[in-house]
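> Structure below; questions to follow.
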Amino acid sequence: MAKKTKQPAEKRAYAVPVRWEIPDDLEVLWASNFIVQHSLREFILSFFQAPPPLLIEPTEEELETATKEGYPAKAVARIALTPAAMKELIQILQINLDNFISVTEKELGEE
């Protein structure tokens, strides 16, 4: 008996739109420090909140402690991306930065 072989199915492309959903209770976090790490297959972006210590007219001891120990940077998010997604993110960020600069320069120039 002859063995039946499967014929490859016809490949079709489908346009499925993305529906962006942001939960109402999703907190917006502020980040002032970032670390980017990578392996051969992924990039890991780490975001940190690192408010500087409040040092108003510090004593020598307070300054010495602060400069030796530093201050904590709390991780608020870590995101892993493929190299292709990282490239897309960089392009999106650059477009948005360029748009921001263009708009703010126009607004500042009109004052």
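Numbering starts fresh at 1 for the residues of each chain in the structure tokens, the chains themselves are lettered A, B, ... in the order given, and ligands are numbered from 1 as they appear.
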Env of Leu29 (chain A): 8 Å cut, atoms = only C-alpha atoms, seq-sep filter 2 positions within chain, self excluded. Answer as a JSON list (two decimals) with C-alpha atoms, in the first residue's frame.

[["chain", "number", "residue", "atom", "x", "y", "z"],
["A", 27, "GLU", "CA", 0.11, 52.10, 37.78],
["A", 31, "ALA", "CA", 12.05, 55.51, 36.16],
["A", 76, "VAL", "CA", 10.09, 48.86, 38.93]]
> From a DSSP calculation on the backbone, collect every residue of region 47-79 of chain A in helix (DSSP H, G or I) and output the set as a PyMOL selection string.
chain A and resi 60-69
> Could you write out the selected residues, including C-alpha atoms, as a PDB file, in the first residue's frame?

ATOM      1  CA  GLU A  60      30.627  65.584  56.973  1.00  0.00           C
ATOM      2  CA  GLU A  61      29.524  62.230  58.427  1.00  0.00           C
ATOM      3  CA  GLU A  62      26.305  62.224  56.391  1.00  0.00           C
ATOM      4  CA  LEU A  63      28.231  63.056  53.219  1.00  0.00           C
ATOM      5  CA  GLU A  64      30.783  60.351  53.881  1.00  0.00           C
ATOM      6  CA  THR A  65      28.063  57.754  54.520  1.00  0.00           C
ATOM      7  CA  ALA A  66      26.141  58.794  51.409  1.00  0.00           C
ATOM      8  CA  THR A  67      29.203  58.680  49.157  1.00  0.00           C
ATOM      9  CA  LYS A  68      30.313  55.278  50.503  1.00  0.00           C
ATOM     10  CA  GLU A  69      26.944  53.542  50.617  1.00  0.00           C
TER      11      GLU A  69
END
> Near Tyr71 (chain A), counting only C-alpha atoms, which residues have an atom at most 8 Å away, once you skip same-chain residues fewer than 4 positions from it, shown as an MDAnalysis selection string?
chainID A and resid 50 52:53 66
> Hey, what does DSSP flag as strand (DSSP E or B) within chain A? Can you give it to me as a list in words?
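Checking each residue of chain A, the strand (DSSP E or B) ones are Asn33, Phe34, Ile35, Val36, Gln37, His38, Phe43, Ile44, Leu45, Ser46, Phe47, Phe48, Gln49, Lys74, Ala75, Val76, Ala77, Arg78, Ile79, Ala80 and Leu81 of chain A.
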> Go ahead and save the residues from that selection, with N, CA and C atoms, as a CSV table (one decimal), in the first residue's frame.

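Once written, out02.csv looks like this:
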chain,number,residue,atom,x,y,z
A,33,ASN,N,16.6,55.5,36.1
A,33,ASN,CA,17.8,54.8,35.8
A,33,ASN,C,17.5,53.5,35.0
A,34,PHE,N,18.3,53.1,34.1
A,34,PHE,CA,18.0,52.0,33.2
A,34,PHE,C,19.3,51.1,33.0
A,35,ILE,N,19.0,49.9,32.8
A,35,ILE,CA,20.1,48.9,32.5
A,35,ILE,C,19.6,48.1,31.3
A,36,VAL,N,20.5,47.9,30.3
A,36,VAL,CA,20.2,47.1,29.2
A,36,VAL,C,21.2,46.0,29.1
A,37,GLN,N,20.7,44.7,29.1
A,37,GLN,CA,21.6,43.6,29.0
A,37,GLN,C,21.1,42.7,27.8
A,38,HIS,N,22.0,41.9,27.3
A,38,HIS,CA,21.6,41.1,26.2
A,38,HIS,C,22.3,39.8,26.2
A,43,PHE,N,17.1,40.8,24.6
A,43,PHE,CA,17.5,42.0,25.4
A,43,PHE,C,16.7,42.0,26.6
A,44,ILE,N,17.3,42.4,27.7
A,44,ILE,CA,16.5,42.6,28.9
A,44,ILE,C,16.7,44.1,29.4
A,45,LEU,N,15.6,44.8,29.4
A,45,LEU,CA,15.6,46.2,29.9
A,45,LEU,C,15.1,46.2,31.3
A,46,SER,N,15.9,46.8,32.2
A,46,SER,CA,15.5,47.0,33.6
A,46,SER,C,15.4,48.5,33.9
A,47,PHE,N,14.3,48.8,34.5
A,47,PHE,CA,13.9,50.2,34.8
A,47,PHE,C,13.9,50.4,36.4
A,48,PHE,N,14.6,51.4,36.8
A,48,PHE,CA,14.7,51.7,38.3
A,48,PHE,C,14.3,53.1,38.7
A,49,GLN,N,13.7,53.2,39.9
A,49,GLN,CA,13.5,54.4,40.5
A,49,GLN,C,14.6,54.7,41.5
A,74,LYS,N,15.4,51.2,43.1
A,74,LYS,CA,14.4,50.1,43.2
A,74,LYS,C,13.9,49.7,41.8
A,75,ALA,N,14.1,48.5,41.5
A,75,ALA,CA,13.6,48.0,40.2
A,75,ALA,C,12.1,48.1,40.1
A,76,VAL,N,11.5,48.7,39.1
A,76,VAL,CA,10.1,48.9,38.9
A,76,VAL,C,9.6,48.0,37.8
A,77,ALA,N,10.5,47.6,36.9
A,77,ALA,CA,10.0,46.7,35.8
A,77,ALA,C,11.3,46.1,35.1
A,78,ARG,N,11.1,44.9,34.6
A,78,ARG,CA,12.1,44.3,33.8
A,78,ARG,C,11.4,43.7,32.6
A,79,ILE,N,11.8,43.9,31.4
A,79,ILE,CA,11.2,43.5,30.2
A,79,ILE,C,12.2,42.8,29.2
A,80,ALA,N,11.8,41.6,28.7
A,80,ALA,CA,12.7,40.9,27.8
A,80,ALA,C,12.1,41.1,26.4
A,81,LEU,N,13.0,41.4,25.4
A,81,LEU,CA,12.6,41.6,24.0
A,81,LEU,C,13.5,40.8,23.1
> Between CA of Arg41 (chain A) and CA of Pro83 (chain A), what is the spacing in Å?
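A separation of 6.8 Å between them.
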> Quote the spacing between CA of Leu93 (chain A) and CA of Glu42 (chain A) in Å to one decimal place.
18.5 Å
